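**Q** This is entry.cif (mmCIF, C-alpha atoms and all ligand atoms).
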data_work
#
loop_
_atom_site.label_atom_id
_atom_site.label_comp_id
_atom_site.auth_asym_id
_atom_site.auth_seq_id
_atom_site.Cartn_x
_atom_site.Cartn_y
_atom_site.Cartn_z
CA MET A 104 2.09 56.28 -13.00
CA SER A 105 3.83 55.71 -9.71
CA ILE A 106 5.84 58.24 -7.73
CA VAL A 107 8.51 57.36 -5.20
CA HIS A 108 9.62 60.21 -2.94
CA ALA A 109 13.37 60.42 -2.53
CA SER A 110 14.86 62.99 -0.15
CA ASN A 111 14.93 66.10 -2.32
CA TYR A 112 13.54 64.82 -5.58
CA HIS A 113 10.98 62.39 -6.95
CA ILE A 114 11.27 59.23 -9.02
CA TYR A 115 8.51 58.83 -11.60
CA VAL A 116 7.68 55.55 -13.30
CA ASP A 117 5.64 56.98 -16.09
CA GLU A 118 4.91 56.15 -19.71
CA SER A 119 3.12 59.42 -20.36
CA TYR A 120 5.64 62.22 -20.71
CA ASP A 121 3.41 64.82 -19.01
CA LYS A 122 5.38 64.79 -15.79
CA LEU A 123 8.72 65.04 -17.55
CA ASN A 124 7.44 67.99 -19.55
CA ASP A 125 6.12 69.64 -16.37
CA ILE A 126 9.50 69.29 -14.66
CA VAL A 127 11.50 70.57 -17.60
CA ASP A 128 9.09 73.46 -18.20
CA SER A 129 9.14 74.49 -14.55
CA MET A 130 12.93 74.56 -14.55
CA ASN A 131 12.96 76.90 -17.54
CA PRO A 132 16.49 75.89 -18.60
CA SER A 133 18.54 78.08 -20.93
CA ARG A 134 19.25 75.03 -23.06
CA VAL A 135 18.61 71.29 -22.82
CA PHE A 136 21.32 68.73 -23.60
CA VAL A 137 20.60 65.00 -23.85
CA PHE A 138 23.50 62.61 -23.31
CA VAL A 139 23.09 59.33 -25.19
CA ASP A 140 25.31 56.43 -26.17
CA SER A 141 25.31 54.94 -29.66
CA ASN A 142 22.55 52.45 -28.71
CA THR A 143 20.22 54.81 -26.91
CA GLU A 144 20.71 57.31 -29.71
CA GLU A 145 19.39 54.70 -32.12
CA LEU A 146 16.72 53.08 -29.94
CA CYS A 147 15.49 55.62 -27.39
CA LEU A 148 16.13 59.11 -28.65
CA ALA A 149 13.31 59.23 -31.23
CA ARG A 150 10.69 58.54 -28.55
CA LEU A 151 12.06 61.28 -26.34
CA LYS A 152 12.18 63.68 -29.26
CA GLU A 153 8.57 62.94 -30.11
CA LYS A 154 7.31 63.37 -26.55
CA LEU A 155 9.45 66.12 -25.04
CA ASN A 156 8.13 69.63 -25.66
CA SER A 157 11.52 71.33 -25.40
CA ASP A 158 14.10 71.41 -28.14
CA PHE A 159 17.38 69.84 -27.20
CA LEU A 160 20.84 69.04 -28.48
CA SER A 161 21.91 65.41 -28.15
CA ILE A 162 25.52 64.49 -27.48
CA ARG A 163 26.60 60.92 -28.16
CA ILE A 164 29.34 58.79 -26.68
CA PRO A 165 30.30 55.22 -27.61
CA ALA A 166 28.36 52.49 -25.75
CA GLY A 167 29.91 50.35 -23.04
CA GLU A 168 31.56 50.32 -19.62
CA LYS A 169 35.01 50.76 -21.13
CA TYR A 170 34.03 54.29 -22.09
CA LYS A 171 33.12 55.29 -18.53
CA THR A 172 36.40 57.18 -18.33
CA ILE A 173 37.86 60.61 -17.72
CA GLN A 174 38.84 60.81 -21.42
CA VAL A 175 35.19 60.52 -22.44
CA CYS A 176 34.26 63.10 -19.78
CA ASN A 177 36.79 65.47 -21.37
CA GLY A 178 34.88 65.16 -24.64
CA LEU A 179 31.55 65.80 -22.94
CA TRP A 180 32.79 68.89 -21.07
CA GLU A 181 34.30 70.14 -24.33
CA SER A 182 31.00 69.65 -26.20
CA LEU A 183 29.15 71.53 -23.47
CA ILE A 184 31.57 74.45 -23.68
CA LYS A 185 31.51 74.52 -27.50
CA ASN A 186 27.71 74.47 -27.53
CA GLY A 187 27.36 77.27 -25.03
CA ALA A 188 26.13 75.36 -21.98
CA ASP A 189 25.79 77.73 -19.05
CA ARG A 190 24.81 77.43 -15.39
CA LYS A 191 21.09 77.35 -16.31
CA SER A 192 21.45 74.53 -18.84
CA LEU A 193 19.88 71.17 -18.14
CA ILE A 194 21.30 67.74 -18.94
CA ILE A 195 19.06 64.71 -19.44
CA ASN A 196 20.95 61.41 -19.17
CA LEU A 197 19.14 59.03 -21.53
CA GLY A 198 20.79 55.65 -21.18
CA GLY A 199 21.96 52.93 -18.85
CA GLY A 200 24.11 53.16 -15.75
CA VAL A 201 27.15 54.28 -17.72
CA ILE A 202 25.39 57.33 -19.15
CA GLY A 203 23.69 58.01 -15.79
CA ASP A 204 26.83 57.73 -13.64
CA MET A 205 29.11 59.55 -16.07
CA GLY A 206 26.58 62.09 -17.36
CA GLY A 207 25.66 62.98 -13.77
CA PHE A 208 29.36 63.30 -12.91
CA VAL A 209 29.94 65.60 -15.89
CA ALA A 210 26.86 67.69 -14.99
CA GLY A 211 27.79 67.81 -11.31
CA THR A 212 31.27 69.15 -12.03
CA TYR A 213 30.64 71.37 -15.08
CA MET A 214 30.79 74.98 -13.84
CA ARG A 215 30.73 73.49 -10.31
CA GLY A 216 27.46 71.77 -11.06
CA ILE A 217 24.49 72.21 -13.37
CA LYS A 218 21.09 70.50 -13.12
CA PHE A 219 20.42 67.07 -14.53
CA ILE A 220 17.60 64.55 -14.88
CA GLN A 221 18.21 60.80 -14.92
CA ALA A 222 16.20 59.03 -17.65
CA PRO A 223 17.41 55.43 -17.26
CA THR A 224 16.79 53.04 -20.13
CA THR A 225 18.19 49.70 -18.88
CA LEU A 226 16.65 47.54 -16.17
CA LEU A 227 19.83 47.89 -14.12
CA SER A 228 19.72 51.66 -14.20
CA GLN A 229 15.95 51.78 -13.61
CA VAL A 230 15.98 49.60 -10.49
CA ASP A 231 19.35 50.64 -9.12
CA ALA A 232 21.87 53.02 -10.67
CA SER A 233 19.57 56.01 -11.17
CA VAL A 234 18.48 56.06 -7.52
CA GLY A 235 20.74 57.18 -4.69
CA GLY A 236 22.92 60.00 -5.98
CA LYS A 237 26.13 58.08 -6.64
CA LEU A 238 27.90 59.40 -9.72
CA GLY A 239 31.29 58.69 -11.18
CA ILE A 240 33.66 56.97 -13.56
CA ASP A 241 36.13 54.11 -13.61
CA PHE A 242 39.80 55.03 -13.25
CA LEU A 243 42.98 53.04 -13.99
CA GLY A 244 40.75 50.04 -14.53
CA TYR A 245 39.13 50.31 -11.08
CA LYS A 246 35.37 50.63 -10.91
CA ASN A 247 33.83 53.92 -9.81
CA MET A 248 37.12 55.22 -8.38
CA VAL A 249 36.41 58.89 -9.04
CA GLY A 250 33.04 60.50 -8.45
CA LEU A 251 30.67 62.27 -6.12
CA PHE A 252 27.33 62.08 -4.33
CA LEU A 253 24.81 64.42 -5.93
CA GLU A 254 21.07 64.19 -6.42
CA PRO A 255 19.34 64.80 -9.74
CA GLU A 256 16.38 67.14 -10.24
CA ALA A 257 14.29 64.04 -10.89
CA VAL A 258 14.49 60.46 -12.05
CA TRP A 259 12.02 59.75 -14.76
CA ILE A 260 11.47 56.18 -15.96
CA ASP A 261 9.69 54.87 -19.03
CA THR A 262 9.73 51.05 -18.88
CA THR A 263 8.78 50.96 -22.58
CA TYR A 264 12.50 51.41 -23.28
CA LEU A 265 13.13 47.92 -21.87
CA LYS A 266 11.49 46.38 -24.95
CA THR A 267 14.63 46.89 -27.05
CA LEU A 268 17.04 45.77 -24.35
CA PRO A 269 18.99 42.59 -25.27
CA VAL A 270 18.16 39.65 -22.98
CA ARG A 271 21.74 39.60 -21.67
CA GLU A 272 21.31 43.19 -20.46
CA LEU A 273 17.86 42.48 -19.03
CA LYS A 274 19.34 39.62 -17.02
CA SER A 275 22.20 41.84 -15.92
CA GLY A 276 19.73 44.29 -14.42
CA PHE A 277 17.74 41.50 -12.87
CA ALA A 278 20.79 40.63 -10.76
CA GLU A 279 20.06 43.77 -8.72
CA VAL A 280 16.43 42.67 -8.32
CA ILE A 281 17.69 39.36 -6.91
CA LYS A 282 20.05 41.32 -4.63
CA HIS A 283 17.22 43.53 -3.34
CA ALA A 284 15.17 40.41 -2.57
CA LEU A 285 18.06 38.71 -0.75
CA ILE A 286 19.02 41.66 1.42
CA ARG A 287 15.61 43.09 2.23
CA SER A 288 12.51 41.41 0.90
CA ARG A 289 11.46 37.82 1.33
CA ALA A 290 8.20 38.80 -0.41
CA LEU A 291 10.09 39.86 -3.52
CA TRP A 292 12.16 36.66 -3.30
CA LEU A 293 8.97 34.58 -3.30
CA LYS A 294 7.58 36.59 -6.21
CA ILE A 295 10.63 36.03 -8.42
CA ASN A 296 10.76 32.36 -7.43
CA SER A 297 7.16 31.65 -8.38
CA SER A 298 6.65 29.35 -11.35
CA SER A 299 4.61 31.93 -13.27
CA PHE A 300 7.40 34.51 -13.11
CA ASP A 301 9.19 34.89 -16.44
CA ILE A 302 11.51 37.83 -17.01
CA SER A 303 11.06 37.73 -20.76
CA ASP A 304 7.34 38.27 -20.36
CA ILE A 305 6.32 40.48 -17.48
CA GLU A 306 4.82 43.88 -16.95
CA TRP A 307 7.77 45.86 -15.62
CA THR A 308 6.11 48.88 -14.04
CA ARG A 309 5.24 47.08 -10.78
CA ILE A 310 8.53 45.26 -10.33
CA VAL A 311 10.57 48.37 -11.17
CA THR A 312 8.57 50.41 -8.64
CA ASP A 313 8.93 47.72 -5.93
CA ASN A 314 12.69 47.73 -6.40
CA ILE A 315 13.00 51.50 -6.42
CA GLU A 316 11.08 51.56 -3.14
CA ILE A 317 13.55 49.13 -1.57
CA LYS A 318 16.60 51.02 -2.79
CA ASN A 319 15.11 54.41 -1.93
CA PHE A 320 14.20 53.32 1.60
CA VAL A 321 17.76 52.23 2.28
CA VAL A 322 19.34 55.32 0.71
CA LYS A 323 17.04 57.64 2.66
CA GLN A 324 18.18 56.10 5.94
CA ASP A 325 21.85 56.38 5.07
CA TYR A 326 22.72 58.58 2.08
CA LYS A 327 26.49 58.66 2.67
CA GLU A 328 26.77 54.91 3.23
CA LEU A 329 27.90 54.96 6.85
CA GLY A 330 25.71 52.01 7.82
CA LEU A 331 22.56 50.47 6.31
CA ARG A 332 23.38 51.50 2.73
CA LYS A 333 26.30 49.10 2.83
CA THR A 334 23.74 46.29 2.58
CA LEU A 335 23.22 47.31 -1.07
CA ASN A 336 26.79 46.20 -1.59
CA PHE A 337 25.91 42.56 -1.12
CA GLY A 338 27.61 40.57 -3.88
CA HIS A 339 29.61 43.60 -4.94
CA THR A 340 32.89 43.11 -3.02
CA VAL A 341 33.68 39.94 -4.93
CA GLY A 342 31.54 41.06 -7.89
CA HIS A 343 33.43 44.31 -8.52
CA ALA A 344 36.76 42.49 -8.30
CA ILE A 345 35.54 40.02 -10.92
CA GLU A 346 34.09 42.78 -13.09
CA SER A 347 37.39 44.74 -12.94
CA HIS A 348 39.39 41.60 -13.75
CA PHE A 349 37.42 40.88 -16.91
CA LEU A 350 36.96 44.50 -17.99
CA SER A 351 40.25 44.56 -19.90
CA THR A 352 39.86 41.09 -21.42
CA GLU A 353 38.27 40.10 -24.71
CA LYS A 354 35.22 38.77 -22.90
CA PRO A 355 34.11 41.32 -20.30
CA LEU A 356 31.20 40.31 -18.07
CA THR A 357 28.18 42.52 -17.59
CA HIS A 358 27.88 44.16 -14.19
CA GLY A 359 25.01 41.84 -13.30
CA GLU A 360 26.88 38.69 -14.33
CA ALA A 361 29.77 39.68 -12.05
CA ILE A 362 27.33 40.42 -9.23
CA ILE A 363 25.61 37.02 -9.62
CA ILE A 364 29.02 35.36 -9.10
CA GLY A 365 29.69 37.78 -6.26
CA MET A 366 26.40 36.93 -4.53
CA HIS A 367 27.16 33.23 -4.92
CA CYS A 368 30.53 33.62 -3.16
CA GLU A 369 29.30 36.06 -0.51
CA SER A 370 26.39 33.74 0.36
CA SER A 371 29.03 31.03 0.83
CA ILE A 372 31.02 33.34 3.12
CA SER A 373 27.81 34.04 5.07
CA PHE A 374 27.41 30.30 5.56
CA LEU A 375 31.10 29.58 6.31
CA LEU A 376 31.05 32.21 9.07
CA GLY A 377 27.90 30.72 10.58
CA HIS A 378 25.44 33.50 9.72
CA LEU A 379 23.37 31.77 7.01
CA LYS A 380 21.76 28.35 7.35
CA GLU A 381 22.81 25.59 4.94
CA ASP A 382 19.33 25.00 3.48
CA GLU A 383 19.00 28.69 2.57
CA LEU A 384 22.52 28.68 1.08
CA LYS A 385 21.52 25.74 -1.11
CA THR A 386 18.30 27.49 -2.19
CA ILE A 387 20.24 30.64 -3.10
CA HIS A 388 22.99 28.74 -4.95
CA HIS A 389 20.40 26.76 -6.89
CA TYR A 390 18.55 29.92 -7.94
CA LEU A 391 21.74 31.80 -8.91
CA ASP A 392 23.26 28.84 -10.79
CA SER A 393 20.14 28.31 -12.87
CA PHE A 394 19.93 32.05 -13.55
CA TYR A 395 23.54 32.46 -14.72
CA LYS A 396 26.61 30.27 -14.48
CA ALA A 397 29.95 31.58 -15.74
CA LYS A 398 32.49 29.24 -17.25
CA ILE A 399 35.37 30.70 -15.32
CA ASP A 400 38.23 29.09 -13.46
CA ILE A 401 37.97 31.29 -10.37
CA LYS A 402 40.79 29.43 -8.57
CA SER A 403 43.35 30.59 -11.11
CA ILE A 404 42.53 34.27 -10.54
CA SER A 405 41.82 34.24 -6.80
CA GLN A 406 45.03 36.13 -5.88
CA SER A 407 44.32 38.92 -8.33
CA LEU A 408 40.72 39.08 -7.07
CA LEU A 409 41.95 39.43 -3.46
CA GLU A 410 44.22 42.28 -4.56
CA ALA A 411 41.35 44.04 -6.32
CA MET A 412 39.18 43.62 -3.20
CA LEU A 413 41.77 45.61 -1.23
CA LEU A 414 40.43 48.70 -3.00
CA ASP A 415 36.85 48.12 -1.84
CA LYS A 416 35.53 51.30 -0.27
CA LYS A 417 34.11 49.40 2.75
CA ASN A 418 37.55 48.21 3.95
CA VAL A 419 39.03 49.69 7.12
CA ASN A 420 42.82 49.73 7.76
CA GLY A 421 43.36 47.27 4.92
CA ASN A 422 40.97 44.71 6.47
CA LYS A 423 38.33 43.41 4.09
CA ARG A 424 34.76 44.03 5.22
CA PHE A 425 31.70 42.42 3.70
CA THR A 426 27.95 42.68 3.64
CA LEU A 427 26.63 39.19 4.35
CA LEU A 428 23.29 37.43 4.67
CA LYS A 429 21.73 36.31 7.91
CA SER A 430 18.79 34.82 6.07
CA ILE A 431 16.93 35.37 2.81
CA GLY A 432 15.64 38.93 3.24
CA THR A 433 18.05 40.04 6.00
CA ALA A 434 21.57 41.39 5.57
CA ILE A 435 24.32 42.33 8.01
CA PHE A 436 27.23 44.63 7.23
CA ASP A 437 30.79 45.55 8.26
CA ILE A 438 31.79 41.95 8.80
CA GLU A 439 35.54 41.46 8.63
CA VAL A 440 36.48 38.43 6.55
CA LYS A 441 39.90 36.79 6.36
CA ASP A 442 41.46 35.94 2.98
CA GLU A 443 41.36 32.17 3.73
CA VAL A 444 37.56 32.29 4.04
CA ILE A 445 37.21 34.33 0.84
CA ILE A 446 39.38 31.78 -1.02
CA GLU A 447 37.29 28.91 0.36
CA ALA A 448 34.11 30.62 -0.83
CA LEU A 449 35.59 31.36 -4.28
CA ASN A 450 36.47 27.68 -4.57
CA LEU A 451 32.84 26.75 -3.88
CA TYR A 452 31.73 28.50 -7.08
N1 LIG B 1 25.25 54.85 -9.31
C1 LIG B 1 24.89 53.72 -8.78
O1 LIG B 1 24.39 53.67 -7.65
C2 LIG B 1 25.08 52.46 -9.57
C3 LIG B 1 24.45 51.28 -9.16
C4 LIG B 1 24.59 50.15 -9.94
C5 LIG B 1 25.34 50.19 -11.11
N2 LIG B 1 25.95 51.34 -11.47
C6 LIG B 1 26.75 51.41 -12.71
O2 LIG B 1 25.90 51.19 -13.82
C7 LIG B 1 26.67 50.65 -14.90
C8 LIG B 1 25.95 49.47 -15.48
O3 LIG B 1 24.69 49.91 -15.97
P1 LIG B 1 24.04 49.30 -17.29
O4 LIG B 1 24.01 47.85 -17.18
O5 LIG B 1 22.79 50.05 -17.50
O6 LIG B 1 25.16 49.63 -18.38
P2 LIG B 1 25.18 50.44 -19.76
O7 LIG B 1 24.84 51.85 -19.55
O8 LIG B 1 26.49 50.15 -20.37
O9 LIG B 1 24.01 49.77 -20.63
C9 LIG B 1 24.16 48.45 -21.06
C10 LIG B 1 24.01 48.34 -22.59
O10 LIG B 1 22.64 48.53 -22.94
C11 LIG B 1 22.53 49.52 -23.97
N3 LIG B 1 21.21 50.12 -23.83
C12 LIG B 1 20.81 51.06 -22.93
N4 LIG B 1 19.49 51.23 -23.01
C13 LIG B 1 19.03 50.43 -23.99
C14 LIG B 1 17.74 50.16 -24.53
N5 LIG B 1 16.64 50.73 -24.04
N6 LIG B 1 17.64 49.26 -25.54
C15 LIG B 1 18.75 48.62 -26.01
N7 LIG B 1 19.99 48.82 -25.52
C16 LIG B 1 20.13 49.71 -24.53
C17 LIG B 1 23.72 50.40 -23.73
O11 LIG B 1 24.05 51.12 -24.88
C18 LIG B 1 24.79 49.40 -23.35
O12 LIG B 1 25.31 48.81 -24.51
C19 LIG B 1 28.02 50.29 -14.31
O13 LIG B 1 28.94 51.25 -14.72
C20 LIG B 1 27.80 50.36 -12.81
O14 LIG B 1 28.97 50.73 -12.11
C21 LIG B 1 25.82 52.46 -10.74
ZN ZN B 2 25.34 46.69 -8.78
#
If you took the structure in this file and wrote it as structure tokens, what would it be?
Ligand SMILES: NC(=O)c1ccc[n+]([C@@H]2O[C@H](COP(=O)([O-])OP(=O)(O)OC[C@H]3O[C@@H](n4cnc5c(N)ncnc54)[C@H](O)[C@@H]3O)[C@@H](O)[C@H]2O)c1
Ligand SMILES: [Zn+2]
**A**
Amino acid sequence: MSIVHASNYHIYVDESYDKLNDIVDSMNPSRVFVFVDSNTEELCLARLKEKLNSDFLSIRIPAGEKYKTIQVCNGLWESLIKNGADRKSLIINLGGGVIGDMGGFVAGTYMRGIKFIQAPTTLLSQVDASVGGKLGIDFLGYKNMVGLFLEPEAVWIDTTYLKTLPVRELKSGFAEVIKHALIRSRALWLKINSSSFDISDIEWTRIVTDNIEIKNFVVKQDYKELGLRKTLNFGHTVGHAIESHFLSTEKPLTHGEAIIIGMHCESSISFLLGHLKEDELKTIHHYLDSFYKAKIDIKSISQSLLEAMLLDKKNVNGNKRFTLLKSIGTAIFDIEVKDEVIIEALNLY
């Protein structure tokens, strides 16, 4: 088992459920609710039921980003009320980033806030979404428009759950691993570039812990994202615009797929503005292209992407600000970028 110390809580990477049971027992909740989606209900809930000492009531929502909405929250709040949830109830969010972000948001606002534990079951939520206290939902088609910062009682991670994750979802989560390497860890970059590294056949505990340590370090320095935490946004200014654009289409991208495209374009911007050297840009592009290449005509949607980027939370006075790379392993933030440069970078995809 490994433990990472966040500010007011701990993150456990732990296949034995002893720690989880200790935490739940010590909280002595009046009732335990487990939020699941249709997939984690089928694939993850039985294991939790077998291992958790407390009885609980599970509440299911449909799976997928398109259900990360206020309407689904209404249903969750209603279920809590109907099932007698009170201030001493506990919510365990068993699922990916959607369940974690939305379940935490519902817990954090129900009766002005009840306690919750994040039990992430996708790679993306294990290495990223469950750490850092950001909770929320999409609104009017815009990603994470409504939400709050609030820390869970604990994050508890069983990497065994990754065994049932479809490869497409595993790769989506791995996009954040690539991001962590690019912004902060040349060592991690070298590890994932080594010829023996194969994401369909690795022992996840170590790599999940390494990534949580990177994210947790950054979040601890800058919880409210006034400075360093913005580096975690690398790839996400363009990436979120792309994700929002395709959300309402018949072929939505996963978060990670959008972020891979975003990192491609934002590495190009880093180069075009003279921060990143050409050889490193080529190395990054080569890695990203062989990892995932979307068949998308970016040129035809560049205006709508620029409009979506206007809503990025890092912008100041309507000027677009980016996190960029100085080199592999070092990021810089709050860099103002003109639309012409963004278009040029999009065209390089
Ligand atoms: N709060 C943050 O700091 C933060 C950071 C990054 C991403 N996010 C958010 O996280 C979300 C993306 O997370 P995600 O990729 O985990 O999405 P997700 O929750 O939709 O999960 C992806 C899919 O995997 C299924 N699934 C979950 N666990 C499974 C398992 N063990 N086996 C088989 N299938 C399983 C889900 O049902 C879903 O269909 C986005 O909404 C994004 O905005 C939040
Ligand atoms: Zn992300």
**Q** Could you check which of A:Val341, A:Leu428, A:Met248, A:Val107 is closest to Gly377 of chain A, using only C-alpha atoms?
**A**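 Using only C-alpha atoms, the shortest distance to Gly377 of chain A belongs to A:Leu428.
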**Q** Might you pull out every residue within 8 Å of segment 208-221 of chain A, with all atoms listed in the file counted and same-chain residues fewer than 4 positions away left off, and present them as a list in words?
**A**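 Result of the neighbour search: Cys176, Leu179, Trp180, Asp189, Arg190, Lys191, Ser192, Leu193, Ile194, Ile195, Asn196, Leu197, Gly203, Asp204, Ser233, Leu238, Gly239, Ile240, Gly250, Leu251, Leu253, Pro255, Glu256, Ala257, Val258 and Trp259 of chain A.
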**Q** Just the selected residues (C-alpha atoms), exported as a short mmCIF file (atom, residue, chain, number, x, y, z; two decimals), in the coordinates of the input, please.
**A**
data_model
loop_
_atom_site.label_atom_id
_atom_site.label_comp_id
_atom_site.auth_asym_id
_atom_site.auth_seq_id
_atom_site.Cartn_x
_atom_site.Cartn_y
_atom_site.Cartn_z
CA CYS A 176 34.26 63.10 -19.78
CA LEU A 179 31.55 65.80 -22.94
CA TRP A 180 32.79 68.89 -21.07
CA ASP A 189 25.79 77.73 -19.05
CA ARG A 190 24.81 77.43 -15.39
CA LYS A 191 21.09 77.35 -16.31
CA SER A 192 21.45 74.53 -18.84
CA LEU A 193 19.88 71.17 -18.14
CA ILE A 194 21.30 67.74 -18.94
CA ILE A 195 19.06 64.71 -19.44
CA ASN A 196 20.95 61.41 -19.17
CA LEU A 197 19.14 59.03 -21.53
CA GLY A 203 23.69 58.01 -15.79
CA ASP A 204 26.83 57.73 -13.64
CA SER A 233 19.57 56.01 -11.17
CA LEU A 238 27.90 59.40 -9.72
CA GLY A 239 31.29 58.69 -11.18
CA ILE A 240 33.66 56.97 -13.56
CA GLY A 250 33.04 60.50 -8.45
CA LEU A 251 30.67 62.27 -6.12
CA LEU A 253 24.81 64.42 -5.93
CA PRO A 255 19.34 64.80 -9.74
CA GLU A 256 16.38 67.14 -10.24
CA ALA A 257 14.29 64.04 -10.89
CA VAL A 258 14.49 60.46 -12.05
CA TRP A 259 12.02 59.75 -14.76
#
**Q** For the atom pair atom CA of Leu273 of chain A and atom CA of Leu293 of chain A, what is the interatomic distance in Å to one decimal place?
**A**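 Computing it gives 19.7 Å between the two atoms.
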**Q** May I have a table of the residues of chain A lying at most 9 Å from ligand ZN 2 (chain B), giving each one's closest pair of atoms and their distance in Å to one decimal, counting all atoms listed in the file, ordered by chain and ascending residue number, as a Markdown table?
**A**
| residue | atom | partner | partner_atom | distance |
| --- | --- | --- | --- | --- |
| A:Leu227 | CA | B:ZN2 | ZN | 7.8 |
| A:Asp231 | CA | B:ZN2 | ZN | 7.2 |
| A:Ala232 | CA | B:ZN2 | ZN | 7.5 |
| A:Gly276 | CA | B:ZN2 | ZN | 8.3 |
| A:Ala278 | CA | B:ZN2 | ZN | 7.8 |
| A:Glu279 | CA | B:ZN2 | ZN | 6.0 |
| A:Lys282 | CA | B:ZN2 | ZN | 8.6 |
| A:Leu335 | CA | B:ZN2 | ZN | 8.0 |
| A:Asn336 | CA | B:ZN2 | ZN | 7.4 |
| A:Phe337 | CA | B:ZN2 | ZN | 8.7 |
| A:Gly338 | CA | B:ZN2 | ZN | 8.2 |
| A:His339 | CA | B:ZN2 | ZN | 6.5 |
| A:Gly342 | CA | B:ZN2 | ZN | 8.4 |
| A:His343 | CA | B:ZN2 | ZN | 8.4 |
| A:His358 | CA | B:ZN2 | ZN | 6.5 |
| A:Gly359 | CA | B:ZN2 | ZN | 6.6 |
| A:Ala361 | CA | B:ZN2 | ZN | 8.9 |
| A:Ile362 | CA | B:ZN2 | ZN | 6.6 |
**Q** Return the single residue from A:Lys237, A:Arg163, A:Lys171, A:His113 that is closest to Glu328 of chain A, with distances computed using all atoms listed in the file.
**A** A:Lys237
**Q** Go through A:Gly244, A:Tyr264, A:Ala397, A:Lys385 and flag the residue nearest Ala149 of chain A, using only C-alpha atoms for the distances.
**A**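 Of the candidates, the smallest distance to Ala149 of chain A is held by A:Tyr264.
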**Q** Name each residue within 7 Å of ligand LIG 1 (chain B), counting only C-alpha atoms and all ligand atoms, as JSON, numbers by chain.
**A** {"A": [140, 141, 142, 143, 146, 147, 166, 167, 168, 171, 198, 199, 200, 201, 202, 204, 224, 225, 226, 227, 228, 231, 232, 233, 234, 235, 236, 237, 238, 246, 247, 264, 265, 266, 267, 268, 269, 272, 275, 276, 357, 358]}
**Q** Taking (35.4, 25.7, 4.8) as a centre in this file's frame and 10 Å as the limit, can you find every polymer residue with an atom that close, using all atoms listed in the file, and give them as a list in words?
**A**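 Residues satisfying the cut-off, written out: Ser371, Ile372, Phe374, Leu375, Leu376, Glu443, Val444, Ile445, Ile446, Glu447, Ala448, Asn450 and Leu451 of chain A.
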